[in-house]
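Here's the structure, in structure tokens; my notes come after.
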Amino acid sequence: MSDDEKERTVELHYEGGTLTLPVFTGTEGERTIELKTLLGSTGMTTLDPGFGNTASCSSKITYIDGAAGILRYRGYPIQDLAVGSSFLEVAYLVIYGELPEPGQLKEFSDKLRENADIPDDMGTFIDAMPRNGHPMSLVASAVNTLAAYYDDSVDPDDENQVELATIRLMAKLPTIAARIYRNSIGEQPIAPDPSLDYVENFTRMTFGDARPDGELGELFGKAVDLLLILHADHELNCSTATVRVVGSSQADIFASIASGVNALSGPSHGGANQAVLEMLDEIRDSGVSIEDFLERVKNREVRLMGFGHRVYKNFDPRSKEIKGLATQILDRDDNPDELFELALKLEAAALADSYFTERKLYPNVDFYTGVIYRAMGFPTNMFTVLFALGRLPGWIAHYREQLHDPAFRIARPRQHYIGANERRYPGQG
């Protein structure tokens, strides 16, 4: 941080003295107390389980104001990007910092088309992995293996190699994900088609001729593009923080992104939309009314999945955009998924109940993503893979930003030790 960012100081009074700590103010958001001199000056550390009060870096990528329901990528509101942009344009913005000119976007898109194929040996490797394994485990393994197939793009100190790896990751992850899905259903892989755009190519490699066509097909394509945009970055969430921590050791970008995939696979992070579907299935199969289910929620007998958010204490700004598209798909589908309709009724009932609105329990982005993916034909174990496809630009952007941070250093959190004092091993005095 520069001296220009300093606004004021705070004093920490402790037994033995007083420590003056600088306070910094970013473009927006909370003020930040810098603690880097704390241990050396006082012999003390801070205890912050989950790092919920700790800023581990300065970043220019994403701004979130949870109380106001604000999410911006590089300063652009998510609502504007959701309505007017495409996933590739947003990916370029997140990674490189500015919206691309038409020529830059075409060049970016062309590079991704040219690099979408994976080596034959790598395809054989993916095909040899257990077909009943969870797709996220297989995706993480495949991403990690990219470093072995492309050892000309693993040096974090070489900007050209990092750029080449960026293109390869963005280009090849859809191909990897689609191949893993097709293996899981016993179907032959479909090679990338360079004549198709990014999202259309992914859905073709995934579903082949089973893709819906016409107006519904267009809506599904728009839904995938929108969902990828909405997930492109979300500040220092668990998986993004993991990418930064692994990258701080000078690990290559492939290893760092693979660690992010593994972090995202946890049900507390990337599995929330699956939990929403399981809840809706339970409501439908049990025959309980929505009103009775919400009463059980109030009595703390069951959880209302897909409502509320650790960051957003207002409407999740991403949920508003996806609900509109979900409603369009429901209206156009000749055989709509009944969980769609159930989700709409559940949302309406919850928002009409002061118990939920007073507690700011509003629908989050996960409430509708699962039902949309299911309507498209994705199995639930692929939902988090789609999340990873969307989050990839953010992971890449944070990895790259960290490399140019003058305060960059290896991550090494401290601990608060509460174990045994020194003990003597029997027979040693």
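Here, A, B, ... name the chains of the structure tokens in the order displayed, residue numbers run from 1 inside each chain, and ligands are numbered from 1 in the same displayed order.
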
- Extract, using only C-alpha atoms, all DNA, RNA and protein residues at most 12 Å from Phe340 of chain A, discarding same-chain residues fewer than 2 positions from it, and format them as a PyMOL selection string. chain A and resi 276-277+280-281+284+323+325-331+333+335-338+342-347+367-376

Please produce an output containing C-alpha atoms for each residue in the selection, written as a PDB file, in the first residue's frame.
```
ATOM      1  CA  VAL A 276     -31.262 -26.703  -3.144  1.00  0.00           C
ATOM      2  CA  LEU A 277     -32.339 -29.463  -5.520  1.00  0.00           C
ATOM      3  CA  LEU A 280     -36.934 -29.310  -3.456  1.00  0.00           C
ATOM      4  CA  ASP A 281     -36.952 -33.064  -4.111  1.00  0.00           C
ATOM      5  CA  ARG A 284     -42.075 -32.760  -3.547  1.00  0.00           C
ATOM      6  CA  LYS A 323     -34.611 -15.706 -11.901  1.00  0.00           C
ATOM      7  CA  LEU A 325     -34.117 -16.261 -17.296  1.00  0.00           C
ATOM      8  CA  ALA A 326     -35.392 -19.226 -15.301  1.00  0.00           C
ATOM      9  CA  THR A 327     -38.936 -17.950 -15.704  1.00  0.00           C
ATOM     10  CA  GLN A 328     -38.472 -17.602 -19.478  1.00  0.00           C
ATOM     11  CA  ILE A 329     -37.227 -21.197 -19.742  1.00  0.00           C
ATOM     12  CA  LEU A 330     -40.157 -22.417 -17.682  1.00  0.00           C
ATOM     13  CA  ASP A 331     -42.604 -20.627 -19.983  1.00  0.00           C
ATOM     14  CA  ASP A 333     -40.412 -25.611 -22.130  1.00  0.00           C
ATOM     15  CA  ASN A 335     -42.185 -30.385 -20.438  1.00  0.00           C
ATOM     16  CA  PRO A 336     -41.030 -28.062 -17.677  1.00  0.00           C
ATOM     17  CA  ASP A 337     -39.254 -29.483 -14.681  1.00  0.00           C
ATOM     18  CA  GLU A 338     -41.745 -29.463 -11.804  1.00  0.00           C
ATOM     19  CA  LEU A 342     -41.937 -25.495  -6.868  1.00  0.00           C
ATOM     20  CA  ALA A 343     -38.950 -23.169  -6.529  1.00  0.00           C
ATOM     21  CA  LEU A 344     -41.006 -20.203  -7.721  1.00  0.00           C
ATOM     22  CA  LYS A 345     -43.779 -20.961  -5.236  1.00  0.00           C
ATOM     23  CA  LEU A 346     -41.313 -21.455  -2.399  1.00  0.00           C
ATOM     24  CA  GLU A 347     -39.602 -18.149  -3.122  1.00  0.00           C
ATOM     25  CA  PHE A 367     -31.424 -21.088  -5.621  1.00  0.00           C
ATOM     26  CA  TYR A 368     -32.087 -21.183  -9.368  1.00  0.00           C
ATOM     27  CA  THR A 369     -28.854 -22.449 -10.916  1.00  0.00           C
ATOM     28  CA  GLY A 370     -29.494 -26.067  -9.994  1.00  0.00           C
ATOM     29  CA  VAL A 371     -32.986 -26.216 -11.444  1.00  0.00           C
ATOM     30  CA  ILE A 372     -31.773 -24.611 -14.677  1.00  0.00           C
ATOM     31  CA  TYR A 373     -28.870 -27.043 -15.035  1.00  0.00           C
ATOM     32  CA  ARG A 374     -31.169 -29.945 -14.293  1.00  0.00           C
ATOM     33  CA  ALA A 375     -33.673 -28.762 -16.893  1.00  0.00           C
ATOM     34  CA  MET A 376     -30.846 -28.697 -19.432  1.00  0.00           C
TER      35      MET A 376
END
```

Go through segment 12-54 of chain A residue by residue and, counting only C-alpha atoms, keep those with an atom at most 12 Å from segment 235-257 of chain A; for each kept residue give the shortest atom pair and its distance in Å to one decimal, ordered by chain and increasing number, as a Markdown table.
```
| residue | atom | partner | partner_atom | distance |
| --- | --- | --- | --- | --- |
| A:Gly50 | CA | A:Cys238 | CA | 9.3 |
| A:Phe51 | CA | A:Cys238 | CA | 10.1 |
| A:Gly52 | CA | A:Leu236 | CA | 10.1 |
| A:Asn53 | CA | A:Leu236 | CA | 11.8 |
| A:Thr54 | CA | A:Leu236 | CA | 10.5 |
```

Contact residues around Leu105 of chain A with only C-alpha atoms at 8 Å, ignoring same-chain residues under 3 positions, as a PyMOL selection string = chain A and resi 88-89+92+100-102+108-109

Worksheet entry | Contacts of Ile190 of chain A within 12 Å, only C-alpha atoms, excl. fewer than 4 positions in-chain, as a VMD selection string | chain A and resid 116 to 118 123 174 to 183 201 to 209

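Taking atom CA of Val10 of chain A and atom CA of Asp65 of chain A as the two end points, the separation is 24.1 Å.
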
Find the nearest atom pair between each residue of segment 373-418 of chain A and segment 58-62 of chain A for residues within 12 Å, count only C-alpha atoms, give distances in Å to one decimal, sort rows by chain and ascending number, and present the table as JSON lines.
```
{"residue": "A:Pro393", "atom": "CA", "partner": "A:Ile61", "partner_atom": "CA", "distance": 10.7}
{"residue": "A:Gly394", "atom": "CA", "partner": "A:Ile61", "partner_atom": "CA", "distance": 8.2}
{"residue": "A:Trp395", "atom": "CA", "partner": "A:Ile61", "partner_atom": "CA", "distance": 10.6}
{"residue": "A:Ile396", "atom": "CA", "partner": "A:Ile61", "partner_atom": "CA", "distance": 11.0}
{"residue": "A:Ala397", "atom": "CA", "partner": "A:Ile61", "partner_atom": "CA", "distance": 7.5}
{"residue": "A:His398", "atom": "CA", "partner": "A:Ile61", "partner_atom": "CA", "distance": 7.6}
{"residue": "A:Tyr399", "atom": "CA", "partner": "A:Ser59", "partner_atom": "CA", "distance": 11.0}
{"residue": "A:Arg400", "atom": "CA", "partner": "A:Ile61", "partner_atom": "CA", "distance": 10.9}
{"residue": "A:Glu401", "atom": "CA", "partner": "A:Ser59", "partner_atom": "CA", "distance": 7.5}
{"residue": "A:Gln402", "atom": "CA", "partner": "A:Ser59", "partner_atom": "CA", "distance": 8.4}
{"residue": "A:Leu403", "atom": "CA", "partner": "A:Ser59", "partner_atom": "CA", "distance": 11.7}
{"residue": "A:His404", "atom": "CA", "partner": "A:Ser59", "partner_atom": "CA", "distance": 10.8}
{"residue": "A:Asp405", "atom": "CA", "partner": "A:Ser58", "partner_atom": "CA", "distance": 8.1}
{"residue": "A:Pro406", "atom": "CA", "partner": "A:Ser58", "partner_atom": "CA", "distance": 10.1}
{"residue": "A:Ala407", "atom": "CA", "partner": "A:Ser58", "partner_atom": "CA", "distance": 8.7}
{"residue": "A:Phe408", "atom": "CA", "partner": "A:Ser58", "partner_atom": "CA", "distance": 9.9}
```

Once you have the residues from the selection above, write them out as an mmCIF file, in the first residue's frame, restricted to N, CA, C and O atoms.
```
data_model
loop_
_atom_site.group_PDB
_atom_site.id
_atom_site.type_symbol
_atom_site.label_atom_id
_atom_site.label_comp_id
_atom_site.auth_asym_id
_atom_site.auth_seq_id
_atom_site.Cartn_x
_atom_site.Cartn_y
_atom_site.Cartn_z
ATOM 1 N N PRO A 393 -11.962 -17.574 -14.930
ATOM 2 C CA PRO A 393 -11.329 -16.266 -15.170
ATOM 3 C C PRO A 393 -10.910 -15.567 -13.884
ATOM 4 O O PRO A 393 -9.849 -14.934 -13.829
ATOM 5 N N GLY A 394 -11.747 -15.676 -12.839
ATOM 6 C CA GLY A 394 -11.393 -15.056 -11.571
ATOM 7 C C GLY A 394 -10.160 -15.675 -10.952
ATOM 8 O O GLY A 394 -9.269 -14.970 -10.451
ATOM 9 N N TRP A 395 -10.095 -16.998 -10.958
ATOM 10 C CA TRP A 395 -8.909 -17.662 -10.420
ATOM 11 C C TRP A 395 -7.650 -17.215 -11.162
ATOM 12 O O TRP A 395 -6.627 -16.922 -10.550
ATOM 13 N N ILE A 396 -7.747 -17.180 -12.489
ATOM 14 C CA ILE A 396 -6.597 -16.774 -13.300
ATOM 15 C C ILE A 396 -6.211 -15.334 -12.979
ATOM 16 O O ILE A 396 -5.029 -15.002 -12.820
ATOM 17 N N ALA A 397 -7.212 -14.456 -12.895
ATOM 18 C CA ALA A 397 -6.943 -13.039 -12.638
ATOM 19 C C ALA A 397 -6.243 -12.840 -11.298
ATOM 20 O O ALA A 397 -5.295 -12.051 -11.185
ATOM 21 N N HIS A 398 -6.693 -13.549 -10.279
ATOM 22 C CA HIS A 398 -6.072 -13.401 -8.958
ATOM 23 C C HIS A 398 -4.648 -13.952 -8.951
ATOM 24 O O HIS A 398 -3.751 -13.368 -8.316
ATOM 25 N N TYR A 399 -4.431 -15.056 -9.634
ATOM 26 C CA TYR A 399 -3.077 -15.606 -9.723
ATOM 27 C C TYR A 399 -2.143 -14.599 -10.394
ATOM 28 O O TYR A 399 -1.038 -14.335 -9.904
ATOM 29 N N ARG A 400 -2.610 -14.023 -11.503
ATOM 30 C CA ARG A 400 -1.777 -13.083 -12.253
ATOM 31 C C ARG A 400 -1.565 -11.789 -11.464
ATOM 32 O O ARG A 400 -0.451 -11.228 -11.458
ATOM 33 N N GLU A 401 -2.612 -11.296 -10.824
ATOM 34 C CA GLU A 401 -2.485 -10.061 -10.059
ATOM 35 C C GLU A 401 -1.456 -10.218 -8.940
ATOM 36 O O GLU A 401 -0.650 -9.313 -8.677
ATOM 37 N N GLN A 402 -1.488 -11.345 -8.277
ATOM 38 C CA GLN A 402 -0.580 -11.590 -7.169
ATOM 39 C C GLN A 402 0.882 -11.542 -7.611
ATOM 40 O O GLN A 402 1.748 -11.069 -6.866
ATOM 41 N N LEU A 403 1.149 -12.012 -8.826
ATOM 42 C CA LEU A 403 2.529 -12.024 -9.316
ATOM 43 C C LEU A 403 3.119 -10.621 -9.427
ATOM 44 O O LEU A 403 4.331 -10.444 -9.362
ATOM 45 N N HIS A 404 2.243 -9.626 -9.609
ATOM 46 C CA HIS A 404 2.709 -8.245 -9.796
ATOM 47 C C HIS A 404 2.490 -7.382 -8.562
ATOM 48 O O HIS A 404 2.680 -6.167 -8.611
ATOM 49 N N ASP A 405 2.098 -7.989 -7.460
ATOM 50 C CA ASP A 405 1.854 -7.257 -6.217
ATOM 51 C C ASP A 405 3.192 -7.015 -5.518
ATOM 52 O O ASP A 405 3.896 -7.969 -5.170
ATOM 53 N N PRO A 406 3.574 -5.748 -5.275
ATOM 54 C CA PRO A 406 4.859 -5.484 -4.606
ATOM 55 C C PRO A 406 4.913 -6.050 -3.188
ATOM 56 O O PRO A 406 6.002 -6.254 -2.649
ATOM 57 N N ALA A 407 3.741 -6.309 -2.592
ATOM 58 C CA ALA A 407 3.712 -6.891 -1.243
ATOM 59 C C ALA A 407 3.648 -8.416 -1.283
ATOM 60 O O ALA A 407 3.485 -9.064 -0.249
ATOM 61 N N PHE A 408 3.813 -8.992 -2.462
ATOM 62 C CA PHE A 408 3.708 -10.439 -2.673
ATOM 63 C C PHE A 408 4.721 -11.196 -1.809
ATOM 64 O O PHE A 408 5.898 -10.893 -1.798
#
```

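Distances here use only C-alpha atoms; by that measure, the residue among A:Ala411, A:Leu19, A:Leu264, A:Val199 closest to Arg391 of chain A is A:Leu264.
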
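The spacing separating atom CA of Asp366 of chain A from atom CA of Ala272 of chain A amounts to 6.1 Å.
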
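From atom CA of Thr384 of chain A back to atom CA of Pro119 of chain A, the distance works out to 24.7 Å.
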
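Compared by their closest atoms to Ala191 of chain A, and using only C-alpha atoms, the residues A:Asn115, A:Asn421, A:Ser141, A:Ser289 rank with A:Asn115 nearest.
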
Output as JSON lines one row per residue of segment 42-131 of chain A within 10 Å of segment 415-419 of chain A: the closest atom pair and its distance in Å to one decimal place, counting only C-alpha atoms, sorted by chain and residue number ascending.
```
{"residue": "A:Met44", "atom": "CA", "partner": "A:His416", "partner_atom": "CA", "distance": 9.8}
{"residue": "A:Thr45", "atom": "CA", "partner": "A:His416", "partner_atom": "CA", "distance": 8.0}
{"residue": "A:Thr46", "atom": "CA", "partner": "A:His416", "partner_atom": "CA", "distance": 8.4}
{"residue": "A:Leu47", "atom": "CA", "partner": "A:His416", "partner_atom": "CA", "distance": 6.8}
{"residue": "A:Asp48", "atom": "CA", "partner": "A:Gln415", "partner_atom": "CA", "distance": 9.6}
{"residue": "A:Pro49", "atom": "CA", "partner": "A:Gln415", "partner_atom": "CA", "distance": 9.8}
```

Write a file of the selected residues as a PDB file, in the first residue's frame, keeping C-alpha atoms.
```pdb
ATOM      1  CA  MET A  44       1.576 -11.172  19.737  1.00  0.00           C
ATOM      2  CA  THR A  45      -0.516 -12.362  16.807  1.00  0.00           C
ATOM      3  CA  THR A  46      -4.226 -12.078  16.038  1.00  0.00           C
ATOM      4  CA  LEU A  47      -6.704 -14.966  16.116  1.00  0.00           C
ATOM      5  CA  ASP A  48      -9.223 -14.816  13.256  1.00  0.00           C
ATOM      6  CA  PRO A  49     -10.805 -18.224  12.526  1.00  0.00           C
TER       7      PRO A  49
END
```

Return as a PyMOL selection string the full set of residues in segment 23-87 of chain A whose backbone-based DSSP assignment is helix (DSSP H, G or I). chain A and resi 38-42+49-51+78-84+87
